file query_21.txt (compact mmCIF, C-alpha atoms and all ligand atoms)
# COMPACT_ATOMS: atom_id res chain seq x y z
CA MET Z 1 -22.31 -1.49 20.70
CA LYS Z 2 -22.88 1.51 18.43
CA LYS Z 3 -20.46 3.57 20.50
CA GLU Z 4 -17.82 0.87 20.15
CA LYS Z 5 -18.10 0.87 16.35
CA TRP Z 6 -17.98 4.65 16.34
CA LEU Z 7 -14.86 4.62 18.43
CA ILE Z 8 -13.12 2.13 16.20
CA SER Z 9 -14.03 3.31 12.75
CA GLY Z 10 -14.51 7.04 13.24
CA PHE Z 11 -17.45 9.13 12.15
CA ALA Z 12 -18.27 6.69 9.40
CA ASP Z 13 -22.00 6.79 10.01
CA GLU Z 14 -22.33 10.46 10.96
CA PRO Z 15 -25.12 11.83 8.74
CA ILE Z 16 -24.06 14.43 6.17
CA ASP Z 17 -26.32 17.15 4.78
CA ALA Z 18 -27.58 15.72 1.46
CA ASN Z 19 -27.23 19.12 -0.25
CA ILE Z 20 -23.59 19.55 0.62
CA ASP Z 21 -21.07 19.79 -2.23
CA LEU Z 22 -18.64 17.23 -0.81
CA LYS Z 23 -15.72 18.15 -3.06
CA LYS Z 24 -15.98 21.84 -2.18
CA ALA Z 25 -16.51 21.13 1.52
CA ILE Z 26 -13.44 18.86 1.65
CA ASN Z 27 -11.30 21.44 -0.16
CA ASP Z 28 -12.54 24.22 2.16
CA LEU Z 29 -11.76 22.18 5.29
CA LYS Z 30 -8.38 21.28 3.92
CA LYS Z 31 -7.43 24.93 3.47
CA GLU Z 32 -8.93 26.04 6.77
CA LYS Z 33 -6.99 23.38 8.71
CA ASN Z 34 -3.76 23.39 6.68
CA ALA Z 35 -4.32 19.72 5.91
CA VAL Z 36 -2.96 17.63 3.08
CA ILE Z 37 -4.71 14.64 1.51
CA MET Z 38 -2.52 11.74 0.41
CA ALA Z 39 -4.09 8.80 -1.40
CA HIS Z 40 -2.87 5.38 -2.47
CA TYR Z 41 -3.57 4.19 -6.01
CA TYR Z 42 -6.03 1.61 -4.65
CA GLN Z 43 -8.45 4.25 -3.37
CA VAL Z 44 -11.72 4.88 -5.22
CA GLY Z 45 -11.28 7.26 -8.16
CA GLU Z 46 -13.00 10.27 -6.56
CA ILE Z 47 -10.63 10.14 -3.57
CA GLN Z 48 -7.61 9.90 -5.88
CA ASP Z 49 -8.97 12.90 -7.82
CA ILE Z 50 -9.36 15.14 -4.76
CA ALA Z 51 -6.03 14.17 -3.17
CA ASP Z 52 -3.01 16.49 -3.17
CA TYR Z 53 -0.74 13.51 -3.67
CA VAL Z 54 -1.52 10.11 -5.17
CA GLY Z 55 1.18 7.48 -5.06
CA ASP Z 56 2.48 4.09 -4.03
CA SER Z 57 3.48 3.22 -0.48
CA LEU Z 58 7.05 4.50 -0.91
CA ALA Z 59 5.89 7.87 -2.25
CA LEU Z 60 3.32 8.19 0.56
CA ALA Z 61 6.07 7.67 3.16
CA GLN Z 62 8.38 10.13 1.39
CA TRP Z 63 5.68 12.81 1.21
CA ALA Z 64 4.61 12.23 4.82
CA ALA Z 65 8.20 12.75 5.97
CA LYS Z 66 8.45 16.08 4.14
CA THR Z 67 5.07 17.79 4.35
CA GLU Z 68 4.65 21.08 6.18
CA ALA Z 69 0.92 20.62 6.64
CA ASP Z 70 -0.46 20.35 10.19
CA ILE Z 71 -2.75 17.45 9.35
CA ILE Z 72 -2.09 14.49 7.06
CA VAL Z 73 -5.21 12.67 5.87
CA LEU Z 74 -3.87 9.35 4.69
CA CYS Z 75 -6.42 7.75 2.37
CA GLY Z 76 -5.04 4.26 2.43
CA VAL Z 77 -4.79 1.54 5.03
CA HIS Z 78 -3.72 1.54 8.67
CA PHE Z 79 -0.03 0.66 8.19
CA MET Z 80 0.33 3.60 5.77
CA GLY Z 81 -1.12 5.93 8.42
CA GLU Z 82 1.21 4.45 11.03
CA THR Z 83 4.24 4.98 8.79
CA ALA Z 84 3.22 8.61 8.24
CA LYS Z 85 2.74 9.15 12.00
CA ILE Z 86 6.09 7.55 12.85
CA LEU Z 87 7.82 9.84 10.34
CA SER Z 88 5.89 12.94 11.37
CA PRO Z 89 5.12 12.39 15.08
CA ASN Z 90 4.15 16.00 15.72
CA LYS Z 91 1.50 16.06 13.04
CA LYS Z 92 -2.04 14.81 13.30
CA VAL Z 93 -2.45 11.80 11.01
CA LEU Z 94 -6.00 10.80 10.11
CA VAL Z 95 -7.28 7.78 8.19
CA PRO Z 96 -10.95 8.13 7.13
CA ASP Z 97 -11.82 4.63 8.40
CA LEU Z 98 -9.57 3.00 11.00
CA ASN Z 99 -10.97 -0.40 10.05
CA ALA Z 100 -8.95 -0.15 6.86
CA GLY Z 101 -6.47 -2.87 7.78
CA CYS Z 102 -4.36 -5.15 5.61
CA SER Z 103 -4.51 -8.95 5.41
CA LEU Z 104 -0.79 -9.08 4.66
CA ALA Z 105 0.09 -7.05 7.77
CA ASP Z 106 -2.32 -9.26 9.74
CA SER Z 107 -0.52 -12.38 8.52
CA CYS Z 108 2.51 -11.33 10.58
CA PRO Z 109 1.70 -10.93 14.29
CA ALA Z 110 4.49 -8.96 15.97
CA ASP Z 111 5.06 -11.40 18.86
CA LYS Z 112 5.42 -14.38 16.53
CA PHE Z 113 7.67 -12.46 14.16
CA ALA Z 114 9.89 -11.32 17.04
CA GLN Z 115 10.14 -14.95 18.18
CA TYR Z 116 11.11 -16.04 14.64
CA VAL Z 117 13.82 -13.35 14.54
CA LYS Z 118 15.11 -14.57 17.92
CA GLU Z 119 15.23 -18.15 16.66
CA HIS Z 120 17.44 -17.06 13.73
CA PRO Z 121 20.30 -15.09 15.24
CA GLY Z 122 22.80 -13.47 12.90
CA HIS Z 123 20.19 -12.55 10.31
CA THR Z 124 19.45 -9.09 8.95
CA VAL Z 125 15.72 -8.47 9.12
CA ILE Z 126 14.11 -6.90 6.08
CA SER Z 127 10.39 -6.15 6.34
CA TYR Z 128 7.92 -5.05 3.74
CA VAL Z 129 6.21 -1.78 4.63
CA ASN Z 130 2.89 -3.69 4.84
CA THR Z 131 3.52 -4.48 8.52
CA THR Z 132 2.52 -3.10 11.88
CA ALA Z 133 4.75 -0.62 13.71
CA ALA Z 134 5.57 -3.40 16.21
CA VAL Z 135 6.98 -5.60 13.41
CA LYS Z 136 8.98 -2.66 12.07
CA ALA Z 137 10.38 -2.19 15.58
CA VAL Z 138 12.21 -5.56 15.28
CA THR Z 139 13.32 -4.87 11.69
CA ASP Z 140 16.68 -3.62 10.36
CA VAL Z 141 15.40 -2.08 7.16
CA VAL Z 142 11.94 -1.61 5.67
CA VAL Z 143 11.29 -2.00 1.94
CA THR Z 144 8.41 -1.40 -0.44
CA SER Z 145 7.80 -3.14 -3.73
CA THR Z 146 9.46 -0.17 -5.47
CA ASN Z 147 12.81 -0.53 -3.72
CA ALA Z 148 12.91 -4.13 -2.39
CA LYS Z 149 15.29 -5.43 -5.07
CA GLN Z 150 17.74 -2.53 -4.76
CA ILE Z 151 17.73 -2.62 -0.95
CA VAL Z 152 18.30 -6.38 -0.86
CA ASP Z 153 21.05 -5.94 -3.48
CA SER Z 154 22.73 -3.37 -1.22
CA PHE Z 155 23.67 -6.20 1.19
CA PRO Z 156 26.60 -8.57 0.50
CA LYS Z 157 25.66 -11.74 -1.38
CA ASP Z 158 26.42 -13.92 1.65
CA GLU Z 159 24.35 -11.80 4.10
CA LYS Z 160 21.89 -13.96 6.01
CA ILE Z 161 18.48 -12.32 5.64
CA ILE Z 162 15.00 -12.81 7.03
CA PHE Z 163 12.40 -11.30 4.70
CA GLY Z 164 8.83 -10.79 5.85
CA PRO Z 165 5.95 -10.95 5.65
CA ASP Z 166 5.02 -11.53 2.01
CA ARG Z 167 6.16 -14.94 0.74
CA ASN Z 168 5.28 -14.06 -2.86
CA LEU Z 169 7.31 -10.85 -2.89
CA GLY Z 170 10.09 -12.68 -0.99
CA ASN Z 171 10.16 -15.54 -3.52
CA TYR Z 172 10.24 -13.04 -6.36
CA ILE Z 173 13.10 -11.04 -4.81
CA ASN Z 174 15.00 -14.29 -4.09
CA SER Z 175 14.65 -15.25 -7.75
CA ILE Z 176 15.78 -11.91 -9.22
CA THR Z 177 18.65 -11.38 -6.76
CA ASN Z 178 19.76 -15.01 -6.72
CA ARG Z 179 19.45 -15.27 -2.93
CA ASN Z 180 17.98 -17.63 -0.45
CA MET Z 181 16.45 -15.30 2.14
CA LEU Z 182 14.37 -16.93 4.86
CA LEU Z 183 10.75 -16.04 4.16
CA TRP Z 184 7.89 -15.38 6.54
CA ASP Z 185 4.79 -17.23 5.34
CA GLY Z 186 2.38 -14.32 4.82
CA ALA Z 187 0.34 -13.12 1.86
CA CYS Z 188 -2.23 -10.61 0.68
CA HIS Z 189 -5.71 -12.03 0.12
CA VAL Z 190 -6.28 -9.82 -2.94
CA HIS Z 191 -3.10 -10.68 -4.83
CA GLU Z 192 -3.42 -14.39 -4.01
CA GLN Z 193 -6.79 -14.49 -5.76
CA PHE Z 194 -5.82 -13.92 -9.39
CA SER Z 195 -6.70 -16.76 -11.70
CA VAL Z 196 -4.04 -18.27 -14.00
CA GLU Z 197 -6.74 -19.82 -16.16
CA LYS Z 198 -8.60 -16.55 -16.68
CA ILE Z 199 -5.44 -14.59 -17.46
CA VAL Z 200 -4.45 -17.24 -20.02
CA GLU Z 201 -7.93 -16.91 -21.59
CA LEU Z 202 -7.54 -13.11 -21.71
CA LYS Z 203 -4.10 -13.42 -23.31
CA ALA Z 204 -5.63 -15.62 -26.03
CA LYS Z 205 -8.41 -13.10 -26.58
CA TYR Z 206 -6.04 -10.09 -26.66
CA PRO Z 207 -2.80 -11.52 -28.09
CA ASN Z 208 -1.15 -8.09 -28.29
CA ALA Z 209 -1.90 -7.16 -24.68
CA ALA Z 210 0.87 -6.89 -22.08
CA VAL Z 211 0.27 -8.55 -18.71
CA LEU Z 212 1.31 -6.35 -15.77
CA ALA Z 213 1.58 -7.90 -12.30
CA HIS Z 214 2.37 -6.74 -8.78
CA PRO Z 215 5.04 -8.89 -7.05
CA GLU Z 216 2.56 -9.76 -4.28
CA CYS Z 217 0.94 -12.13 -6.83
CA LYS Z 218 1.81 -15.84 -6.76
CA SER Z 219 4.71 -17.02 -8.93
CA THR Z 220 2.22 -18.82 -11.21
CA ILE Z 221 0.83 -15.38 -12.13
CA LEU Z 222 4.23 -13.66 -12.28
CA VAL Z 223 5.49 -16.12 -14.92
CA LEU Z 224 2.64 -14.98 -17.18
CA ALA Z 225 3.59 -11.30 -16.78
CA ASP Z 226 5.40 -9.17 -19.33
CA TYR Z 227 6.29 -6.76 -16.54
CA VAL Z 228 6.37 -7.10 -12.73
CA GLY Z 229 6.50 -4.04 -10.50
CA SER Z 230 5.05 -1.89 -7.76
CA THR Z 231 1.87 0.09 -8.43
CA ALA Z 232 3.94 3.16 -9.42
CA ALA Z 233 6.17 1.05 -11.67
CA LEU Z 234 3.19 -0.61 -13.40
CA LEU Z 235 1.65 2.81 -13.98
CA LYS Z 236 4.86 4.19 -15.50
CA TYR Z 237 5.30 1.10 -17.67
CA SER Z 238 1.75 1.35 -19.04
CA ALA Z 239 2.19 5.05 -19.86
CA ASN Z 240 5.54 4.56 -21.63
CA SER Z 241 4.80 1.30 -23.43
CA ASP Z 242 4.05 1.10 -27.16
CA LYS Z 243 1.33 -1.45 -26.38
CA ASP Z 244 -2.26 -0.27 -26.35
CA THR Z 245 -3.86 -3.01 -24.23
CA PHE Z 246 -2.92 -4.19 -20.73
CA ILE Z 247 -4.17 -6.99 -18.49
CA VAL Z 248 -3.53 -5.71 -14.97
CA ALA Z 249 -2.96 -8.15 -12.08
CA THR Z 250 -3.14 -5.95 -9.03
CA GLU Z 251 -5.89 -4.16 -7.10
CA SER Z 252 -8.15 -2.63 -9.74
CA GLY Z 253 -8.03 0.90 -8.23
CA ILE Z 254 -4.78 1.48 -10.15
CA LEU Z 255 -6.75 1.40 -13.42
CA HIS Z 256 -8.13 4.85 -12.61
CA GLU Z 257 -4.73 6.54 -12.83
CA MET Z 258 -3.59 4.30 -15.70
CA GLN Z 259 -6.60 5.32 -17.75
CA LYS Z 260 -6.13 8.98 -16.82
CA LYS Z 261 -2.49 8.91 -17.96
CA SER Z 262 -3.27 6.97 -21.16
CA PRO Z 263 -6.89 7.69 -22.16
CA GLN Z 264 -6.43 6.07 -25.58
CA LYS Z 265 -5.25 2.71 -24.14
CA THR Z 266 -7.33 -0.23 -22.89
CA PHE Z 267 -6.88 -1.61 -19.38
CA ILE Z 268 -8.43 -4.93 -18.38
CA PRO Z 269 -8.44 -5.89 -14.69
CA ALA Z 270 -7.20 -9.46 -14.22
CA PRO Z 271 -10.08 -11.52 -12.84
CA PRO Z 272 -9.97 -13.33 -9.51
CA ASN Z 273 -10.60 -17.09 -9.20
CA ASP Z 274 -14.08 -16.52 -7.88
CA SER Z 275 -15.93 -14.46 -10.50
CA THR Z 276 -18.90 -14.01 -8.19
CA CYS Z 277 -16.97 -11.57 -6.02
CA ALA Z 278 -14.94 -8.44 -6.76
CA CYS Z 279 -11.95 -9.82 -4.88
CA ASN Z 280 -9.48 -7.93 -7.05
CA GLU Z 281 -10.72 -4.95 -5.03
CA CYS Z 282 -9.15 -4.59 -1.59
CA ASN Z 283 -12.09 -4.47 0.81
CA PHE Z 284 -9.89 -2.58 3.30
CA MET Z 285 -8.81 0.12 0.86
CA ARG Z 286 -12.42 0.52 -0.28
CA LEU Z 287 -13.65 1.29 3.25
CA ASN Z 288 -12.58 4.91 2.73
CA THR Z 289 -15.26 7.00 1.06
CA MET Z 290 -15.71 10.69 0.24
CA GLU Z 291 -18.22 10.95 3.10
CA LYS Z 292 -15.76 9.49 5.62
CA LEU Z 293 -13.00 11.70 4.23
CA TYR Z 294 -15.22 14.74 4.80
CA ASN Z 295 -16.16 13.65 8.33
CA CYS Z 296 -12.59 12.87 9.33
CA LEU Z 297 -11.42 16.31 8.21
CA LYS Z 298 -14.34 17.98 9.92
CA TYR Z 299 -13.97 16.19 13.27
CA GLU Z 300 -10.22 15.49 13.00
CA PHE Z 301 -10.99 11.89 13.85
CA PRO Z 302 -10.10 9.02 13.72
CA GLU Z 303 -6.49 9.73 14.45
CA ILE Z 304 -3.57 7.30 14.14
CA GLU Z 305 -1.65 6.78 17.34
CA VAL Z 306 1.55 4.80 17.75
CA ASP Z 307 3.03 3.78 21.08
CA PRO Z 308 6.06 6.10 21.49
CA GLU Z 309 8.32 3.23 22.64
CA ILE Z 310 7.46 1.24 19.52
CA ALA Z 311 7.71 4.32 17.31
CA LYS Z 312 11.21 5.03 18.66
CA GLU Z 313 12.41 1.67 17.28
CA ALA Z 314 10.19 1.53 14.18
CA VAL Z 315 11.40 4.88 12.87
CA LYS Z 316 14.97 3.57 12.41
CA PRO Z 317 14.33 0.97 9.67
CA ILE Z 318 11.86 3.30 7.93
CA LYS Z 319 14.38 6.14 7.85
CA LYS Z 320 17.03 3.71 6.65
CA MET Z 321 14.76 2.80 3.74
CA LEU Z 322 14.22 6.48 2.90
CA GLU Z 323 17.96 7.19 3.03
CA ILE Z 324 18.84 4.24 0.76
CA SER Z 325 16.00 5.20 -1.62
CA GLU Z 326 17.27 8.75 -1.81
CA GLU Z 327 20.82 7.55 -2.54
CA LEU Z 328 19.41 5.34 -5.28
CA GLY Z 329 17.30 8.18 -6.68
CA LEU Z 330 14.03 6.31 -6.04
P1 LIG A 1 2.70 -0.50 -3.50
O1 LIG A 1 3.90 -0.42 -2.65
O2 LIG A 1 2.99 -0.98 -4.89
O3 LIG A 1 1.94 0.77 -3.48
O4 LIG A 1 1.75 -1.64 -2.91
C1 LIG A 1 1.06 -1.47 -1.72
C2 LIG A 1 0.11 -2.54 -1.48
O5 LIG A 1 -0.58 -2.56 -0.50
C3 LIG A 1 0.03 -3.59 -2.44
O6 LIG A 1 -0.99 -4.43 -2.12
FE1 LIG A 2 -2.99 -5.12 2.17
FE2 LIG A 2 -3.51 -6.56 0.02
FE3 LIG A 2 -5.08 -4.52 0.60
FE4 LIG A 2 -2.55 -4.09 -0.27
S1 LIG A 2 -4.24 -5.01 -1.41
S2 LIG A 2 -3.57 -3.10 1.45
S3 LIG A 2 -1.49 -5.84 0.68
S4 LIG A 2 -4.82 -6.37 1.84
call {"tool": "encode", "arguments": {"input": "query_21.txt", "output": "structure tokens"}}
result
Amino acid sequence: MKKEKWLISGFADEPIDANIDLKKAINDLKKEKNAVIMAHYYQVGEIQDIADYVGDSLALAQWAAKTEADIIVLCGVHFMGETAKILSPNKKVLVPDLNAGCSLADSCPADKFAQYVKEHPGHTVISYVNTTAAVKAVTDVVVTSTNAKQIVDSFPKDEKIIFGPDRNLGNYINSITNRNMLLWDGACHVHEQFSVEKIVELKAKYPNAAVLAHPECKSTILVLADYVGSTAALLKYSANSDKDTFIVATESGILHEMQKKSPQKTFIPAPPNDSTCACNECNFMRLNTMEKLYNCLKYEFPEIEVDPEIAKEAVKPIKKMLEISEELGL
């Protein structure tokens, strides 16, 4: 039983010398092994601070495609590691805890999605990056929340499109592009949790605050937002805005970088429906810790592997996304 857990999640429980300076040890290993650490904005603050690159899922894919390091440590969730591996198949891609999954990716099993695509011939398939490699393998073009609108806009208005798996992002993109894409019925358990009632209360308490929301939130939250965007877009907006207070409806890890960029401003995490739990924190993202990051660099484990046959197909829509993004200057 113990061995099984070890095999799945990596050296998560491997004891670490209590006297070790983790930051120094991680930096030393990184140099010694020509490794690069990439972290998503939803990682704990200390992982974001030690990373070479911190960004949203588009930036992580762009960096992974370009890096000259031998090892990529992707401090994020499994699909982000898979995307990096597909783009850089000859590099070793590590994720500190392989149990770091994604409820949105899980809401779209590849066999069922492939069946849905088959049942709707003549449709272009656009998939959010929060999907497994097997879903990407039956996709025409991948998008992230940073480029979804522009990529959808790049198709003719009468193009028949299947958009998966996030119904909230899909509904939002339908509304801002005036389309009627067929939507897969998936969602993220973190972004579905935000409470309309509590955000309305916060708006009354801080009347000058701007509400920022990620498009994975339900439409009832998005209508309350002053600005809707990807994690990188929300960060940029908060740094450039004249406002000094923000109510932030996305995973609360982003507040770390927001506060770093604008130390004089106030950031309030939007509360979830159930105040007894911290469900505006992604339990998957939070599985990665400094200790696991150290162990994964030390043992070069756990490593992301993608079936080469699947990778051969999945790389096409990911590269297409990167090409369109480059053309658009994203
Ligand atoms: P971004 O593309 O904005 O980084 O979002 C990733 C994600 O997992 C949102 O839940
Ligand atoms: Fe997936 Fe939601 Fe976590 Fe993002 S916040 S990684 S969509 S479960």
call {"tool": "closest_residue", "arguments": {"input": "query_21.txt", "among": "Z:Ala148, Z:Leu22, Z:Thr67, Z:Ile310", "to": "Z:Ala110", "atoms": "only C-alpha atoms"}}
result
Z:Ile310
call {"tool": "atom_distance", "arguments": {"input": "query_21.txt", "atom1": "atom CA of Z:Val141", "atom2": "atom CA of Z:Leu58"}}
result
13.3 Å
call {"tool": "residues_near_ligand", "arguments": {"input": "query_21.txt", "ligand": "ligand LIG 2 (chain A)", "cutoff": "8 Å", "atoms": "only C-alpha atoms and all ligand atoms", "output": "ChimeraX atom specification"}}
result
/Z:42,76-77,101-105,130,187-191,216,250-251,281-285
call {"tool": "closest_atom_pairs", "arguments": {"input": "query_21.txt", "of": "chain Z", "to": "ligand LIG 1 (chain A)", "cutoff": "6 Å", "atoms": "all atoms listed in the file", "output": "JSON lines"}}
result
{"residue": "Z:Asp56", "atom": "CA", "partner": "A:LIG1", "partner_atom": "O3", "distance": 3.4}
{"residue": "Z:Ser57", "atom": "CA", "partner": "A:LIG1", "partner_atom": "O3", "distance": 4.2}
{"residue": "Z:Thr144", "atom": "CA", "partner": "A:LIG1", "partner_atom": "O1", "distance": 5.1}
{"residue": "Z:Ser145", "atom": "CA", "partner": "A:LIG1", "partner_atom": "O1", "distance": 4.9}
{"residue": "Z:Ser230", "atom": "CA", "partner": "A:LIG1", "partner_atom": "O2", "distance": 3.6}
{"residue": "Z:Thr231", "atom": "CA", "partner": "A:LIG1", "partner_atom": "O2", "distance": 3.9}
call {"tool": "axis_aligned_box", "arguments": {"input": "query_21.txt", "around": "stretch 58-61 of chain Z", "padding_each_side": "4 Å", "output": "lines of an AutoDock Vina configuration file"}}
result
center_x = 5.2
center_y = 6.3
center_z = 0.5
size_x = 11.7
size_y = 11.7
size_z = 13.4
call {"tool": "closest_residue", "arguments": {"input": "query_21.txt", "among": "Z:Lys157, Z:Ile162, Z:Ser241, Z:Gln115", "to": "Z:Asp226", "atoms": "all atoms listed in the file"}}
result
Z:Ser241
call {"tool": "closest_residue", "arguments": {"input": "query_21.txt", "among": "Z:Asn273, Z:Asn178, Z:Asn240, Z:Gln193", "to": "Z:Lys261", "atoms": "only C-alpha atoms"}}
result
Z:Asn240
call {"tool": "closest_residue", "arguments": {"input": "query_21.txt", "among": "Z:Ile151, Z:Leu29, Z:Ala233, Z:Val44", "to": "Z:Ser325", "atoms": "all atoms listed in the file"}}
result
Z:Ile151
call {"tool": "residues_near_point", "arguments": {"input": "query_21.txt", "point": "(19.7, -18.3, -0.8)", "cutoff": "9 Å", "atoms": "all atoms listed in the file", "output": "short mmCIF file (atom, residue, chain, number, x, y, z; two decimals) with C-alpha atoms, in the frame of the given file"}}
result
data_model
loop_
_atom_site.label_atom_id
_atom_site.label_comp_id
_atom_site.auth_asym_id
_atom_site.auth_seq_id
_atom_site.Cartn_x
_atom_site.Cartn_y
_atom_site.Cartn_z
CA LYS Z 157 25.66 -11.74 -1.38
CA ASP Z 158 26.42 -13.92 1.65
CA LYS Z 160 21.89 -13.96 6.01
CA ILE Z 161 18.48 -12.32 5.64
CA ASN Z 174 15.00 -14.29 -4.09
CA ASN Z 178 19.76 -15.01 -6.72
CA ARG Z 179 19.45 -15.27 -2.93
CA ASN Z 180 17.98 -17.63 -0.45
CA MET Z 181 16.45 -15.30 2.14
CA LEU Z 182 14.37 -16.93 4.86
#
call {"tool": "residues_around", "arguments": {"input": "query_21.txt", "residues": "Z:Cys75", "least_positions_apart": "3", "cutoff": "7 Å", "atoms": "all atoms listed in the file", "output": "PyMOL selection string"}}
result
chain Z and resi 38-40+95-96+288
call {"tool": "build_atoms", "arguments": {"input": "query_21.txt", "residues": "stretch 22-29 of chain Z", "atoms": "all heavy atoms", "output": "JSON list (two decimals), keeping the file's coordinate frame"}}
result
[["chain", "number", "residue", "atom", "x", "y", "z"],
["Z", 22, "LEU", "N", -19.70, 17.90, -1.56],
["Z", 22, "LEU", "CA", -18.64, 17.23, -0.81],
["Z", 22, "LEU", "C", -17.23, 17.67, -1.23],
["Z", 22, "LEU", "O", -16.37, 17.92, -0.40],
["Z", 22, "LEU", "CB", -18.75, 15.72, -0.96],
["Z", 22, "LEU", "CG", -19.53, 14.97, 0.11],
["Z", 22, "LEU", "CD1", -19.48, 13.47, -0.16],
["Z", 22, "LEU", "CD2", -19.00, 15.26, 1.52],
["Z", 23, "LYS", "N", -17.05, 17.78, -2.56],
["Z", 23, "LYS", "CA", -15.72, 18.15, -3.06],
["Z", 23, "LYS", "C", -15.32, 19.52, -2.52],
["Z", 23, "LYS", "O", -14.21, 19.71, -2.03],
["Z", 23, "LYS", "CB", -15.75, 18.23, -4.59],
["Z", 23, "LYS", "CG", -15.30, 16.99, -5.27],
["Z", 23, "LYS", "CD", -15.01, 17.38, -6.71],
["Z", 23, "LYS", "CE", -15.12, 16.23, -7.64],
["Z", 23, "LYS", "NZ", -15.23, 16.64, -9.03],
["Z", 24, "LYS", "N", -16.26, 20.48, -2.63],
["Z", 24, "LYS", "CA", -15.98, 21.84, -2.18],
["Z", 24, "LYS", "C", -15.75, 21.85, -0.67],
["Z", 24, "LYS", "O", -14.81, 22.49, -0.17],
["Z", 24, "LYS", "CB", -17.13, 22.78, -2.58],
["Z", 24, "LYS", "CG", -16.85, 24.22, -2.22],
["Z", 24, "LYS", "CD", -17.98, 25.15, -2.63],
["Z", 24, "LYS", "CE", -17.75, 26.58, -2.17],
["Z", 24, "LYS", "NZ", -17.15, 26.78, -0.88],
["Z", 25, "ALA", "N", -16.62, 21.14, 0.05],
["Z", 25, "ALA", "CA", -16.51, 21.13, 1.52],
["Z", 25, "ALA", "C", -15.17, 20.54, 1.97],
["Z", 25, "ALA", "O", -14.54, 21.04, 2.91],
["Z", 25, "ALA", "CB", -17.68, 20.34, 2.11],
["Z", 26, "ILE", "N", -14.73, 19.49, 1.30],
["Z", 26, "ILE", "CA", -13.44, 18.86, 1.65],
["Z", 26, "ILE", "C", -12.30, 19.84, 1.36],
["Z", 26, "ILE", "O", -11.41, 20.04, 2.18],
["Z", 26, "ILE", "CB", -13.25, 17.52, 0.90],
["Z", 26, "ILE", "CG1", -14.21, 16.46, 1.46],
["Z", 26, "ILE", "CG2", -11.80, 17.01, 0.98],
["Z", 26, "ILE", "CD1", -14.32, 15.17, 0.65],
["Z", 27, "ASN", "N", -12.37, 20.48, 0.19],
["Z", 27, "ASN", "CA", -11.30, 21.44, -0.16],
["Z", 27, "ASN", "C", -11.28, 22.63, 0.80],
["Z", 27, "ASN", "O", -10.22, 23.11, 1.19],
["Z", 27, "ASN", "CB", -11.45, 21.89, -1.61],
["Z", 27, "ASN", "CG", -10.90, 20.85, -2.57],
["Z", 27, "ASN", "OD1", -9.87, 20.23, -2.30],
["Z", 27, "ASN", "ND2", -11.58, 20.62, -3.67],
["Z", 28, "ASP", "N", -12.47, 23.10, 1.21],
["Z", 28, "ASP", "CA", -12.54, 24.22, 2.16],
["Z", 28, "ASP", "C", -11.92, 23.82, 3.51],
["Z", 28, "ASP", "O", -11.13, 24.57, 4.09],
["Z", 28, "ASP", "CB", -14.00, 24.66, 2.37],
["Z", 28, "ASP", "CG", -14.56, 25.37, 1.15],
["Z", 28, "ASP", "OD1", -13.76, 25.71, 0.25],
["Z", 28, "ASP", "OD2", -15.79, 25.58, 1.08],
["Z", 29, "LEU", "N", -12.29, 22.64, 3.99],
["Z", 29, "LEU", "CA", -11.76, 22.18, 5.29],
["Z", 29, "LEU", "C", -10.25, 22.01, 5.24],
["Z", 29, "LEU", "O", -9.53, 22.32, 6.18],
["Z", 29, "LEU", "CB", -12.40, 20.84, 5.67],
["Z", 29, "LEU", "CG", -13.82, 20.90, 6.25],
["Z", 29, "LEU", "CD1", -14.42, 19.50, 6.32],
["Z", 29, "LEU", "CD2", -13.80, 21.52, 7.66]]
